[in-house]
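Enquirer: Following this message is one structure expressed as structure tokens.
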Amino acid sequence: MGRVTTTTTDLWHHFGRTRAEHDRDVPETFHWTWSQDCGPGPEALGDLTGRVVSDLGAGAARHAAHLAHHYEPTRVIAVDASPAQYAMATDLFSHLAPRLRIVPSDVVDHLHTMADTYDVLYSVFGAVDFIDPRELLPAASAALRPGGRLVFSTLAHYLNGEPAQPDVVAADIPAKTRGGEATTMRRWVLQAHVWTKILDEAGFTEISTTALPAAGDGPYTADTLLVTAFRLA
């Protein structure tokens, strides 16, 4: 899912592999929340009929597969830099081509090659969380057509309960290499007003943020921040 600050080539090798062994179906639901079991769905993306859409940091492409299968976009492009995630997504959902296209690429590099192409960009705890937003958001703005929509969900606070950052600062979070060694990667967990400011600076307008409370309690629950913005027309 995007860039990592380590010499390890793929820190996402283990992510989602257990689920993929027993769940190969196109998901029937699409959720923005951290718990993935409640809250708003694809309606936050607007009418997708005939639209060109991209999932930024798509992982196994489950959200992208849902949109390609259940709606009528012209194309959904699922982009992820992880070789392991690309292989998993291709194995699970390549049968949805050509409406679903799975692309192995650094997200920012991909966006730089797609100027004025997309109607909708989105990220569900994906690339927006793991790439410096001062790099990602201007690239996303340029890749959208004028008036195009960006929607993303991100953590409203750290998983340990600590508040989100009041400035554009990343935290090092635990990760594992393919061989199981402990390492770290960077994650941006920012307050709503910070996201609003950097989106504005990147050329977005009509910026809205919505806090979605966690559905339950527990050590791995978290509130979600859902953000919507439009490229200046």
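In the structure tokens, the first chain shown is A, the next is B, and so on; residue numbers restart at 1 for each chain, and ligands run from 1 in the order shown.
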May I have the residues within 9 Å of range 38-40 of chain A as a PyMOL selection string, using only C-alpha atoms and disregarding those fewer than 3 positions away in the same chain?
Expert: chain A and resi 30-33+35+43-44+212-215
Enquirer: According to DSSP computed on the backbone, where in range 20-218 of chain A is there strand (DSSP E or B)? Give the residues as a PyMOL selection string.
Expert: chain A and resi 52-56+75-80+100-104+118-124+144-155+157+163+165+170-176+182-188+190+204-212
Enquirer: For each of A:Val169, A:Ala143, A:Ile102, A:Ala156, take the minimum atom-to-atom distance to Ile131 in chain A, counting only C-alpha atoms, then give the residue where this is smallest.
Expert: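 Among A:Val169, A:Ala143, A:Ile102, A:Ala156, it is A:Val169 that comes nearest to Ile131 in chain A.
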Enquirer: Neighbouring residues of range 50-55 of chain A were defined as those with any atom within 9 Å, considering only C-alpha atoms; residues of the same chain fewer than 3 positions away were excluded. Please report them as a PyMOL selection string.
Expert: chain A and resi 47+58+61+63-64+72-80+117-124+126-127
Enquirer: How would the residues just chosen look if you wrote them out with C-alpha atoms as a compact mmCIF listing (two decimals), in the first residue's frame?
Expert:
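Writing the result to out_21.txt gives the following:
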```
# COMPACT_ATOMS: atom_id res chain seq x y z
CA ASP A 47 -23.14 7.88 -8.85
CA ALA A 58 -6.16 -1.35 -2.79
CA ALA A 61 -8.83 -5.26 -4.05
CA HIS A 63 -13.51 -2.90 -2.17
CA ALA A 64 -12.64 -2.41 -5.84
CA GLU A 72 -21.64 0.06 -13.50
CA PRO A 73 -18.46 2.14 -13.62
CA THR A 74 -16.57 2.21 -16.88
CA ARG A 75 -13.53 0.92 -15.02
CA VAL A 76 -12.21 0.46 -11.50
CA ILE A 77 -8.42 0.52 -11.23
CA ALA A 78 -7.01 -1.03 -8.05
CA VAL A 79 -3.49 0.26 -7.42
CA ASP A 80 -1.03 -1.10 -4.87
CA THR A 117 -8.23 10.79 -15.98
CA TYR A 118 -10.28 9.86 -12.93
CA ASP A 119 -13.78 10.83 -11.91
CA VAL A 120 -13.43 9.28 -8.45
CA LEU A 121 -10.46 8.37 -6.27
CA TYR A 122 -10.82 6.65 -2.91
CA SER A 123 -8.81 5.03 -0.14
CA VAL A 124 -10.09 2.82 2.68
CA GLY A 126 -5.00 2.63 2.19
CA ALA A 127 -2.46 4.85 0.48
```
Enquirer: Got a sec: who's within 12 Å of Ala192 in chain A, counting only C-alpha atoms, leaving out chain neighbours fewer than 3 positions off, as a PyMOL selection string?
Expert: chain A and resi 153-157+163-168+188-189+195-199+207-211+224-228
Enquirer: Extract, using only C-alpha atoms, all DNA, RNA and protein residues at most 8 Å from Met88 in chain A, discarding same-chain residues fewer than 4 positions from it, and format them as an MDAnalysis selection string.
Expert: chainID A and resid 17 20 60 84 92
Enquirer: Enter the distance from CA of Ala115 in chain A to CA of Arg134 in chain A, in Å, rounded to one decimal.
Expert: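 These atoms are spaced 17.4 Å apart.
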Enquirer: DSSP on the backbone: which residues in range 3-229 of chain A end up as helix (DSSP H, G or I)? Give the answer as a short mmCIF file (atom, residue, chain, number, x, y, z; two decimals) with N, CA and C atoms, in the first residue's frame.
Expert:
```cif
data_model
loop_
_atom_site.label_atom_id
_atom_site.label_comp_id
_atom_site.auth_asym_id
_atom_site.auth_seq_id
_atom_site.Cartn_x
_atom_site.Cartn_y
_atom_site.Cartn_z
N ARG A 17 -3.67 -12.62 4.11
CA ARG A 17 -3.44 -13.94 3.52
C ARG A 17 -4.34 -15.02 4.15
N THR A 18 -4.56 -14.93 5.44
CA THR A 18 -5.42 -15.92 6.09
C THR A 18 -6.84 -15.85 5.55
N ARG A 19 -7.35 -14.64 5.41
CA ARG A 19 -8.70 -14.49 4.87
C ARG A 19 -8.79 -15.03 3.45
N ALA A 20 -7.78 -14.75 2.64
CA ALA A 20 -7.82 -15.17 1.24
C ALA A 20 -7.87 -16.68 1.08
N GLU A 21 -7.41 -17.40 2.09
CA GLU A 21 -7.43 -18.86 2.01
C GLU A 21 -8.83 -19.44 2.09
N HIS A 22 -9.76 -18.69 2.71
CA HIS A 22 -11.12 -19.25 2.87
C HIS A 22 -12.22 -18.34 2.36
N PRO A 42 -20.89 2.67 -0.33
CA PRO A 42 -20.41 3.29 -1.57
C PRO A 42 -21.15 4.57 -1.96
N GLU A 43 -22.27 4.86 -1.32
CA GLU A 43 -22.99 6.08 -1.67
C GLU A 43 -22.14 7.32 -1.47
N ALA A 44 -21.13 7.23 -0.62
CA ALA A 44 -20.23 8.37 -0.41
C ALA A 44 -19.43 8.71 -1.67
N LEU A 45 -19.36 7.77 -2.61
CA LEU A 45 -18.62 7.99 -3.84
C LEU A 45 -19.45 8.66 -4.93
N ARG A 62 -10.57 -5.96 -2.51
CA ARG A 62 -11.93 -6.38 -2.18
C ARG A 62 -12.93 -5.24 -2.38
N HIS A 63 -12.59 -4.02 -1.96
CA HIS A 63 -13.51 -2.90 -2.17
C HIS A 63 -13.67 -2.62 -3.66
N ALA A 64 -12.58 -2.66 -4.40
CA ALA A 64 -12.64 -2.41 -5.84
C ALA A 64 -13.47 -3.48 -6.54
N ALA A 65 -13.33 -4.73 -6.12
CA ALA A 65 -14.11 -5.81 -6.71
C ALA A 65 -15.60 -5.61 -6.46
N HIS A 66 -15.94 -5.17 -5.25
CA HIS A 66 -17.35 -4.90 -4.95
C HIS A 66 -17.92 -3.87 -5.91
N LEU A 67 -17.19 -2.78 -6.11
CA LEU A 67 -17.69 -1.72 -7.00
C LEU A 67 -17.80 -2.20 -8.44
N ALA A 68 -16.80 -2.93 -8.90
CA ALA A 68 -16.81 -3.41 -10.29
C ALA A 68 -17.95 -4.40 -10.54
N HIS A 69 -18.27 -5.20 -9.53
CA HIS A 69 -19.28 -6.24 -9.69
C HIS A 69 -20.70 -5.74 -9.48
N HIS A 70 -20.89 -4.85 -8.51
CA HIS A 70 -22.25 -4.46 -8.11
C HIS A 70 -22.71 -3.14 -8.72
N PRO A 83 3.96 -6.26 -4.04
CA PRO A 83 3.88 -7.42 -4.92
C PRO A 83 2.98 -8.52 -4.37
N ALA A 84 3.01 -8.71 -3.05
CA ALA A 84 2.18 -9.75 -2.45
C ALA A 84 0.70 -9.41 -2.58
N GLN A 85 0.35 -8.15 -2.36
CA GLN A 85 -1.05 -7.76 -2.47
C GLN A 85 -1.53 -7.81 -3.91
N TYR A 86 -0.66 -7.42 -4.84
CA TYR A 86 -1.02 -7.52 -6.26
C TYR A 86 -1.28 -8.97 -6.66
N ALA A 87 -0.42 -9.88 -6.23
CA ALA A 87 -0.60 -11.29 -6.56
C ALA A 87 -1.90 -11.82 -5.96
N MET A 88 -2.19 -11.43 -4.72
CA MET A 88 -3.42 -11.89 -4.07
C MET A 88 -4.65 -11.34 -4.78
N ALA A 89 -4.63 -10.04 -5.08
CA ALA A 89 -5.77 -9.43 -5.76
C ALA A 89 -6.02 -10.06 -7.12
N THR A 90 -4.94 -10.32 -7.86
CA THR A 90 -5.06 -10.93 -9.18
C THR A 90 -5.63 -12.33 -9.08
N ASP A 91 -5.16 -13.09 -8.09
CA ASP A 91 -5.66 -14.45 -7.90
C ASP A 91 -7.14 -14.46 -7.55
N LEU A 92 -7.56 -13.49 -6.73
CA LEU A 92 -8.95 -13.47 -6.27
C LEU A 92 -9.92 -12.91 -7.31
N PHE A 93 -9.51 -11.85 -8.02
CA PHE A 93 -10.50 -11.07 -8.76
C PHE A 93 -10.15 -10.76 -10.21
N SER A 94 -9.17 -11.43 -10.77
CA SER A 94 -8.83 -11.15 -12.18
C SER A 94 -9.98 -11.48 -13.12
N HIS A 95 -10.90 -12.33 -12.66
CA HIS A 95 -12.05 -12.69 -13.51
C HIS A 95 -13.01 -11.52 -13.73
N LEU A 96 -12.83 -10.43 -12.98
CA LEU A 96 -13.70 -9.26 -13.15
C LEU A 96 -13.18 -8.31 -14.22
N VAL A 107 1.66 4.30 -5.79
CA VAL A 107 0.45 5.07 -6.03
C VAL A 107 0.76 6.46 -6.58
N VAL A 108 1.72 7.15 -6.01
CA VAL A 108 2.04 8.50 -6.50
C VAL A 108 2.56 8.44 -7.92
N ASP A 109 3.41 7.47 -8.22
CA ASP A 109 3.91 7.33 -9.59
C ASP A 109 2.76 7.09 -10.56
N HIS A 110 1.83 6.22 -10.16
CA HIS A 110 0.67 5.95 -11.02
C HIS A 110 -0.14 7.21 -11.26
N LEU A 111 -0.42 7.96 -10.22
CA LEU A 111 -1.23 9.17 -10.37
C LEU A 111 -0.56 10.19 -11.28
N HIS A 112 0.77 10.26 -11.23
CA HIS A 112 1.49 11.21 -12.08
C HIS A 112 1.34 10.88 -13.57
N ALA A 127 -3.62 4.02 0.79
CA ALA A 127 -2.46 4.85 0.48
C ALA A 127 -2.47 6.18 1.22
N VAL A 128 -3.65 6.74 1.46
CA VAL A 128 -3.71 8.03 2.15
C VAL A 128 -3.11 7.92 3.55
N ASP A 129 -3.20 6.76 4.15
CA ASP A 129 -2.64 6.57 5.49
C ASP A 129 -1.12 6.42 5.47
N PHE A 130 -0.55 5.93 4.36
CA PHE A 130 0.83 5.47 4.39
C PHE A 130 1.77 6.22 3.45
N PRO A 133 1.05 12.92 2.76
CA PRO A 133 -0.05 13.59 2.04
C PRO A 133 0.41 14.79 1.23
N ARG A 134 1.57 15.35 1.56
CA ARG A 134 2.08 16.47 0.77
C ARG A 134 2.59 16.02 -0.59
N GLU A 135 2.80 14.71 -0.74
CA GLU A 135 3.11 14.13 -2.05
C GLU A 135 1.86 13.57 -2.72
N LEU A 136 1.06 12.85 -1.93
CA LEU A 136 -0.07 12.12 -2.49
C LEU A 136 -1.20 13.03 -2.94
N LEU A 137 -1.59 13.98 -2.10
CA LEU A 137 -2.80 14.76 -2.41
C LEU A 137 -2.65 15.64 -3.64
N PRO A 138 -1.53 16.33 -3.87
CA PRO A 138 -1.40 17.06 -5.13
C PRO A 138 -1.43 16.13 -6.35
N ALA A 139 -0.84 14.94 -6.22
CA ALA A 139 -0.88 13.98 -7.33
C ALA A 139 -2.31 13.51 -7.58
N ALA A 140 -3.07 13.30 -6.51
CA ALA A 140 -4.47 12.89 -6.66
C ALA A 140 -5.29 13.99 -7.32
N SER A 141 -5.05 15.22 -6.91
CA SER A 141 -5.78 16.34 -7.51
C SER A 141 -5.52 16.41 -9.01
N ALA A 142 -4.27 16.24 -9.41
CA ALA A 142 -3.92 16.33 -10.84
C ALA A 142 -4.49 15.17 -11.63
N ALA A 143 -4.64 14.00 -11.00
CA ALA A 143 -5.16 12.84 -11.71
C ALA A 143 -6.67 12.87 -11.87
N ALA A 192 -8.79 16.33 11.89
CA ALA A 192 -9.63 16.72 10.75
C ALA A 192 -9.21 18.06 10.16
N HIS A 193 -8.88 19.04 11.01
CA HIS A 193 -8.54 20.35 10.47
C HIS A 193 -7.22 20.33 9.71
N VAL A 194 -6.35 19.37 10.04
CA VAL A 194 -5.08 19.24 9.30
C VAL A 194 -5.35 18.68 7.91
N TRP A 195 -6.18 17.65 7.83
CA TRP A 195 -6.56 17.12 6.52
C TRP A 195 -7.21 18.21 5.67
N THR A 196 -8.08 19.00 6.27
CA THR A 196 -8.75 20.06 5.52
C THR A 196 -7.74 21.05 4.96
N LYS A 197 -6.76 21.43 5.76
CA LYS A 197 -5.76 22.40 5.34
C LYS A 197 -4.92 21.87 4.18
N ILE A 198 -4.43 20.65 4.28
CA ILE A 198 -3.56 20.15 3.22
C ILE A 198 -4.34 19.79 1.96
N LEU A 199 -5.60 19.42 2.10
CA LEU A 199 -6.43 19.23 0.92
C LEU A 199 -6.66 20.54 0.19
N ASP A 200 -6.92 21.59 0.94
CA ASP A 200 -7.09 22.91 0.34
C ASP A 200 -5.82 23.33 -0.40
N GLU A 201 -4.67 23.10 0.21
CA GLU A 201 -3.40 23.46 -0.41
C GLU A 201 -3.12 22.65 -1.66
#
```
Enquirer: Quick one: distance from CA of Pro27 in chain A to CA of Thr49 in chain A in Å, one decimal?
Expert: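 A separation of 19.1 Å between them.
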Enquirer: Go through A:Arg186, A:Glu162, A:Leu11, A:Val26 one by one, measure the shortest atom-to-atom distance of each to Ala81 in chain A using only C-alpha atoms, and give the residue with the smallest value.
Expert: A:Leu11
Enquirer: Using only C-alpha atoms, which residue out of A:Val103, A:Asn160, A:Arg187, A:Ala175 lies closest to Asp132 in chain A?
Expert: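 Answer, going by the shortest atom-to-atom distance: A:Arg187.
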Enquirer: What gap, in Å, lies between CA of Leu232 in chain A and CA of Ser105 in chain A?
Expert: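 Computing the Euclidean distance for CA of Leu232 in chain A and CA of Ser105 in chain A yields 26.2 Å.
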Enquirer: When you count only C-alpha atoms, which of these residues is closest to Leu159 in chain A: A:Phe204, A:Pro104, A:Asp10, A:Asp223?
Expert: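 When distances to Leu159 in chain A are compared using only C-alpha atoms, the smallest one comes from A:Asp223.
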